[in-house]
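Colleague: Before anything else, here's the structure in question.
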Amino acid sequence: MRDSNDNRAVRLSLLKGILPVNRASALRDALAGISLASMDIPQVLGYARIAGMPTVTGLYTAFLPLVAFALFGASRHLVVAADSATATIFSSRISTMAPMGSVEYVALAGMVALQTAGLLLLARIFRLGFLADFLSRTVLVGFLAGVGIQVSIAMLGDMFGMTVPIPSSRSLAQLAYVVSHLAHVNLPTFALAALVVGSILGFKRLLPHVPIPLVAVVGSIAASKAFDFAAHGIAVLGPINGGLPPLRFPAVTWEQFLALVPAAASCFVMIIAQSAAAARVFAQQYHEEVDTNADILGLAAANAAAAFGGTFVVNGSPTQTAMAERAGTRSQIGQLAFAVVVVVVLLFLSPSLQYLPHCVLAGIVFTIALGLINVQSLKAIRGESPGEFTLALITAAAVVMVGVEHGILLAVALSLMRHVRHSYRPHTMVLEPSAATGRWQPVPARPGAVTAPGLIVYRFGSDLFFANDHFFTSEITQLIDSASDGLRWLIVDAAAITDLDYSAARTLDDLIQTLHERNITVIFGRVNPYLRSDMDRHGITQTVGESNIFETLHEALAAAGVRSPATETGIL
């Protein structure tokens, strides 16, 4: 009986995105999933275009991978299928290794998906869900804006009816080529693309719930078949193999396998960051728990399914997840219904896709790419934090100028540098009497600031580690050197210090001994258990004296024989 219960618990844990469920909610989500399919099928076709893959493989991403995540993932809202960011990342790499759309190219794309699945599985085994926090929202906005610009440029050739003999990884060269060959624009192709783009953007503002991309696809297919667009110089997709995806292993050489690892690693970072962000947003909106590690397992299963299902890397798309939420889905049942619609298209409707004009698909992708450039978020970042806005622009420019693969690495590096910068030079303050009331108030630390005759209360706003210990020592030394004669007490308000590494401990020990030689007593207030443990281990407790370490600032002040006028301010 116990084994039965344990097995049942395992099954339930694998269906977190579906259970609990009842008949009414299942019917609601199924209908919403059909609505989602009407909006999303044109997008996944467009993502296949971005990826340089056969068009039908875009539909493949919304079948087996989507089902795999529904079974193994935890998020009730995340839509896992093709995504423009990851499609751009791996295509920029493998387009230099094989012709786009070729059998070899498809195998390379499948191997990137399999490698990505392996990295995600390792992340799940070692519970590395916290890696999602290593891409700040600022640089992620900049990265997606860069991807949007790059993809927009890549679509210009198809929209203008010209062949651009330059890989998508060289965006500026592509743009220069298109501009220099504007005299060769195919006017019917451009007119049709402009009509599609204008309709999508216009109706998005006026009637956002109308699936204009689907209308554009169906309408252009019907018109292309009726008026023979191909005979009039408008390029179409041509014959498409329908049916369910073939199950096969993506065979590549060992040298190719190694060459694809950086692309897979970049996709891994983007998937972790984007999927976790999207899952958190909608889980918080509906007051649901977030299980990032379980979602990582679902994403690993989805990418393994993509690899063996003849398609490319899939991701938890914030855009498609928002579309699913607007359609009314509240569980993965909606995504499963989406997959059922895709199966129907693959089995019965794929022959019609051969009449779809390239320029229509390019126009749809162009509007998707424009949507990645979040102007409102960039404006908000600029207004609130100009420095972070600069980081976002640098990331976007790097994606456009040096490629997506390097752009994602730069995004991670900038995120980490931003964090280290805040820790390297944290906010520091000194308690100082107010000229108006005489009560103590925290002010930015500056030479000459004292708390009371013979006393400085100094607050350091970060953990102490090897990169900021010299800043800590230098600022305290400046405060003491600029204070009037007779300084006897230095109280370190350690409320923000929870960690002390070896290098900082040695620097701190030297500082304390130097101040003792100058007859200045060092006292630590608001010392938490974590800091106290580090101080004991590194010998700082012995140097400063156990009687000079306190859990509150009141006790520290009392040890210095000072009566605080700051009690009423509540800062102690």
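For the structure tokens, the naming scheme is as follows: chains receive sequential letters (A, B, ...) according to their order of presentation, residues are indexed from 1 within each chain, and ligands are indexed from 1 in presentation order.
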Got a sec: who's within 8 Å of Asn303 in chain A, counting only C-alpha atoms, leaving out chain neighbours fewer than 4 positions off, as a list in words?
Modeller: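 Once the nearby chain positions are removed, what remains is Pro65, Ala113, Leu114, Thr116, Ala117, Leu299, Ala307, Phe312, Val313 and Val314 of chain A.
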Colleague: Take the residues from that selection and write them out as a tab-separated table (two decimals), in the first residue's frame, keeping N, CA and C atoms.
Modeller:
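Saved the output as result-v7.tsv:
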```tsv
chain	number	residue	atom	x	y	z
A	65	PRO	N	7.46	18.79	-27.89
A	65	PRO	CA	8.05	19.58	-26.79
A	65	PRO	C	7.00	20.16	-25.86
A	113	ALA	N	19.65	21.34	-29.56
A	113	ALA	CA	18.52	21.10	-28.65
A	113	ALA	C	18.86	20.01	-27.66
A	114	LEU	N	19.53	18.95	-28.12
A	114	LEU	CA	19.88	17.85	-27.22
A	114	LEU	C	20.92	18.28	-26.19
A	116	THR	N	21.35	21.33	-25.14
A	116	THR	CA	20.64	22.23	-24.23
A	116	THR	C	19.84	21.43	-23.22
A	117	ALA	N	19.20	20.35	-23.67
A	117	ALA	CA	18.45	19.49	-22.76
A	117	ALA	C	19.37	18.89	-21.70
A	299	LEU	N	11.61	21.77	-19.03
A	299	LEU	CA	12.29	22.36	-20.17
A	299	LEU	C	13.33	21.40	-20.76
A	307	ALA	N	14.77	17.57	-29.91
A	307	ALA	CA	15.93	16.98	-30.57
A	307	ALA	C	15.57	15.71	-31.33
A	312	PHE	N	13.94	22.18	-33.43
A	312	PHE	CA	15.03	22.95	-32.84
A	312	PHE	C	14.72	23.34	-31.40
A	313	VAL	N	15.62	24.09	-30.79
A	313	VAL	CA	15.52	24.46	-29.38
A	313	VAL	C	14.19	25.16	-29.08
A	314	VAL	N	13.59	24.78	-27.95
A	314	VAL	CA	12.35	25.43	-27.51
A	314	VAL	C	12.60	26.14	-26.20
```
Colleague: If you run DSSP on this backbone, which residues of range 349-537 of chain A come out as helix (DSSP H, G or I), and could you give them as JSON, numbers by chain?
Modeller: {"A": [349, 350, 351, 352, 353, 354, 355, 358, 359, 360, 361, 362, 363, 364, 365, 366, 367, 368, 369, 370, 371, 372, 375, 376, 377, 378, 379, 380, 381, 382, 383, 384, 386, 387, 388, 389, 390, 391, 392, 393, 394, 395, 396, 397, 398, 399, 400, 401, 402, 404, 405, 406, 407, 408, 409, 410, 411, 412, 413, 414, 415, 416, 417, 418, 419, 420, 421, 422, 423, 424, 469, 470, 471, 472, 473, 474, 475, 476, 477, 478, 479, 480, 481, 482, 502, 503, 504, 505, 506, 507, 508, 509, 510, 511, 512, 513, 514, 515, 516, 517, 529, 530, 531, 532, 533, 534, 535, 536, 537]}
Colleague: Those same residues - C-alpha atoms - I'd like them written as a JSON list (two decimals), in the first residue's frame.
Modeller:
```
[["chain", "number", "residue", "atom", "x", "y", "z"],
["A", 349, "LEU", "CA", -3.66, 21.05, -43.72],
["A", 350, "SER", "CA", 0.10, 21.12, -44.35],
["A", 351, "PRO", "CA", -0.23, 20.78, -48.18],
["A", 352, "SER", "CA", -1.87, 24.21, -48.25],
["A", 353, "LEU", "CA", 1.18, 25.81, -46.62],
["A", 354, "GLN", "CA", 3.14, 25.45, -49.87],
["A", 355, "TYR", "CA", 1.27, 28.48, -51.22],
["A", 358, "HIS", "CA", 7.75, 34.18, -48.00],
["A", 359, "CYS", "CA", 7.05, 37.90, -47.65],
["A", 360, "VAL", "CA", 3.90, 37.25, -45.56],
["A", 361, "LEU", "CA", 5.83, 35.05, -43.15],
["A", 362, "ALA", "CA", 8.63, 37.61, -43.08],
["A", 363, "GLY", "CA", 6.11, 40.37, -42.34],
["A", 364, "ILE", "CA", 4.70, 38.38, -39.41],
["A", 365, "VAL", "CA", 8.22, 37.73, -38.08],
["A", 366, "PHE", "CA", 9.05, 41.43, -38.54],
["A", 367, "THR", "CA", 6.15, 42.43, -36.27],
["A", 368, "ILE", "CA", 7.21, 39.81, -33.72],
["A", 369, "ALA", "CA", 10.73, 41.25, -33.75],
["A", 370, "LEU", "CA", 9.43, 44.79, -33.27],
["A", 371, "GLY", "CA", 7.52, 43.50, -30.24],
["A", 372, "LEU", "CA", 10.81, 42.42, -28.67],
["A", 375, "VAL", "CA", 10.24, 50.87, -25.69],
["A", 376, "GLN", "CA", 8.17, 51.45, -22.55],
["A", 377, "SER", "CA", 10.55, 49.40, -20.41],
["A", 378, "LEU", "CA", 13.55, 51.20, -21.91],
["A", 379, "LYS", "CA", 11.93, 54.56, -21.13],
["A", 380, "ALA", "CA", 11.20, 53.45, -17.58],
["A", 381, "ILE", "CA", 14.79, 52.26, -17.08],
["A", 382, "ARG", "CA", 16.14, 55.52, -18.49],
["A", 383, "GLY", "CA", 13.95, 57.59, -16.17],
["A", 384, "GLU", "CA", 14.72, 55.60, -13.04],
["A", 386, "PRO", "CA", 20.36, 56.13, -16.44],
["A", 387, "GLY", "CA", 23.34, 53.89, -15.67],
["A", 388, "GLU", "CA", 21.30, 50.74, -16.14],
["A", 389, "PHE", "CA", 19.81, 52.20, -19.32],
["A", 390, "THR", "CA", 23.35, 52.52, -20.67],
["A", 391, "LEU", "CA", 23.96, 48.85, -19.88],
["A", 392, "ALA", "CA", 20.79, 47.91, -21.76],
["A", 393, "LEU", "CA", 21.90, 49.92, -24.82],
["A", 394, "ILE", "CA", 25.38, 48.38, -24.73],
["A", 395, "THR", "CA", 23.86, 44.89, -24.65],
["A", 396, "ALA", "CA", 21.50, 45.68, -27.54],
["A", 397, "ALA", "CA", 24.35, 47.16, -29.60],
["A", 398, "ALA", "CA", 26.55, 44.12, -28.93],
["A", 399, "VAL", "CA", 23.84, 41.75, -30.18],
["A", 400, "VAL", "CA", 23.46, 43.72, -33.39],
["A", 401, "MET", "CA", 27.16, 44.28, -34.04],
["A", 402, "VAL", "CA", 28.85, 41.09, -32.81],
["A", 404, "VAL", "CA", 23.52, 36.99, -30.44],
["A", 405, "GLU", "CA", 25.83, 34.32, -29.06],
["A", 406, "HIS", "CA", 28.35, 36.90, -27.86],
["A", 407, "GLY", "CA", 25.53, 39.22, -26.82],
["A", 408, "ILE", "CA", 24.11, 36.73, -24.31],
["A", 409, "LEU", "CA", 27.57, 36.23, -22.78],
["A", 410, "LEU", "CA", 27.98, 39.98, -22.52],
["A", 411, "ALA", "CA", 24.53, 40.22, -20.93],
["A", 412, "VAL", "CA", 25.52, 37.75, -18.21],
["A", 413, "ALA", "CA", 28.86, 39.51, -17.68],
["A", 414, "LEU", "CA", 27.19, 42.93, -17.39],
["A", 415, "SER", "CA", 24.63, 41.58, -14.92],
["A", 416, "LEU", "CA", 27.38, 40.16, -12.72],
["A", 417, "MET", "CA", 29.49, 43.31, -13.04],
["A", 418, "ARG", "CA", 26.51, 45.40, -11.98],
["A", 419, "HIS", "CA", 26.05, 43.26, -8.90],
["A", 420, "VAL", "CA", 29.76, 43.34, -8.04],
["A", 421, "ARG", "CA", 29.86, 47.11, -8.57],
["A", 422, "HIS", "CA", 27.13, 47.65, -5.99],
["A", 423, "SER", "CA", 28.95, 45.39, -3.54],
["A", 424, "TYR", "CA", 32.33, 46.91, -4.35],
["A", 469, "ASP", "CA", 37.67, 45.57, 2.21],
["A", 470, "HIS", "CA", 40.15, 48.27, 1.12],
["A", 471, "PHE", "CA", 37.27, 50.69, 0.46],
["A", 472, "PHE", "CA", 35.97, 49.94, 3.98],
["A", 473, "THR", "CA", 39.38, 50.55, 5.53],
["A", 474, "SER", "CA", 40.14, 53.65, 3.45],
["A", 475, "GLU", "CA", 36.85, 55.37, 4.26],
["A", 476, "ILE", "CA", 37.11, 54.68, 7.99],
["A", 477, "THR", "CA", 40.69, 55.96, 7.99],
["A", 478, "GLN", "CA", 39.60, 59.18, 6.23],
["A", 479, "LEU", "CA", 36.77, 59.69, 8.73],
["A", 480, "ILE", "CA", 39.10, 59.26, 11.66],
["A", 481, "ASP", "CA", 41.93, 61.39, 10.21],
["A", 482, "SER", "CA", 39.50, 64.25, 9.48],
["A", 502, "TYR", "CA", 39.37, 35.54, 4.71],
["A", 503, "SER", "CA", 40.88, 38.49, 2.82],
["A", 504, "ALA", "CA", 38.52, 41.00, 4.40],
["A", 505, "ALA", "CA", 39.12, 39.48, 7.84],
["A", 506, "ARG", "CA", 42.87, 40.03, 7.54],
["A", 507, "THR", "CA", 42.34, 43.63, 6.41],
["A", 508, "LEU", "CA", 39.86, 44.24, 9.21],
["A", 509, "ASP", "CA", 42.24, 42.75, 11.77],
["A", 510, "ASP", "CA", 45.02, 45.11, 10.65],
["A", 511, "LEU", "CA", 42.66, 48.10, 10.84],
["A", 512, "ILE", "CA", 41.50, 47.28, 14.35],
["A", 513, "GLN", "CA", 45.06, 46.87, 15.61],
["A", 514, "THR", "CA", 46.07, 50.18, 13.98],
["A", 515, "LEU", "CA", 43.16, 51.98, 15.65],
["A", 516, "HIS", "CA", 44.02, 50.41, 19.02],
["A", 517, "GLU", "CA", 47.53, 51.82, 18.65],
["A", 529, "PRO", "CA", 24.79, 35.26, 14.08],
["A", 530, "TYR", "CA", 26.27, 34.72, 10.61],
["A", 531, "LEU", "CA", 28.74, 37.58, 10.98],
["A", 532, "ARG", "CA", 29.56, 36.57, 14.55],
["A", 533, "SER", "CA", 30.41, 33.06, 13.36],
["A", 534, "ASP", "CA", 32.78, 34.48, 10.74],
["A", 535, "MET", "CA", 34.36, 36.85, 13.27],
["A", 536, "ASP", "CA", 34.98, 33.96, 15.66],
["A", 537, "ARG", "CA", 36.43, 31.74, 12.93]]
```
Colleague: List the neighbours of range 441-455 of chain A out to 9 Å using only C-alpha atoms; skip same-chain residues closer than 5 positions along the sequence, and give me the result as a list in words.
Modeller: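 Here the answer would be His427, Thr428, Met429, Val430, Leu431, Glu432, Pro433, Ser434, Glu475, Gln478, Leu479, Ile480, Asp481, Ser482, Ala483, Ser484, Asp485, Gly486, Leu487, Arg488, Trp489, Leu490, Ile491, Ala560, Val562, Ala566, Thr569 and Ile571 of chain A.
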Colleague: With C-alpha atoms kept, could you save the residues just selected as a compact mmCIF listing (two decimals), in the first residue's frame?
Modeller:
```
# COMPACT_ATOMS: atom_id res chain seq x y z
CA HIS A 427 26.25 52.90 0.34
CA THR A 428 27.93 53.97 3.56
CA MET A 429 26.61 56.31 6.23
CA VAL A 430 27.52 58.05 9.45
CA LEU A 431 25.07 58.95 12.17
CA GLU A 432 25.21 62.71 12.55
CA PRO A 433 23.17 65.15 14.66
CA SER A 434 20.58 67.15 12.73
CA GLU A 475 36.85 55.37 4.26
CA GLN A 478 39.60 59.18 6.23
CA LEU A 479 36.77 59.69 8.73
CA ILE A 480 39.10 59.26 11.66
CA ASP A 481 41.93 61.39 10.21
CA SER A 482 39.50 64.25 9.48
CA ALA A 483 37.82 64.10 12.89
CA SER A 484 38.81 66.49 15.64
CA ASP A 485 41.32 65.44 18.28
CA GLY A 486 39.99 63.36 21.10
CA LEU A 487 38.22 60.68 19.04
CA ARG A 488 37.94 57.63 21.29
CA TRP A 489 35.24 55.40 19.86
CA LEU A 490 34.42 53.92 16.47
CA ILE A 491 31.17 51.98 16.38
CA ALA A 560 30.92 53.60 24.71
CA VAL A 562 27.05 57.44 25.12
CA ALA A 566 18.32 59.02 18.18
CA THR A 569 13.94 58.39 15.17
CA ILE A 571 16.90 54.09 13.40
```
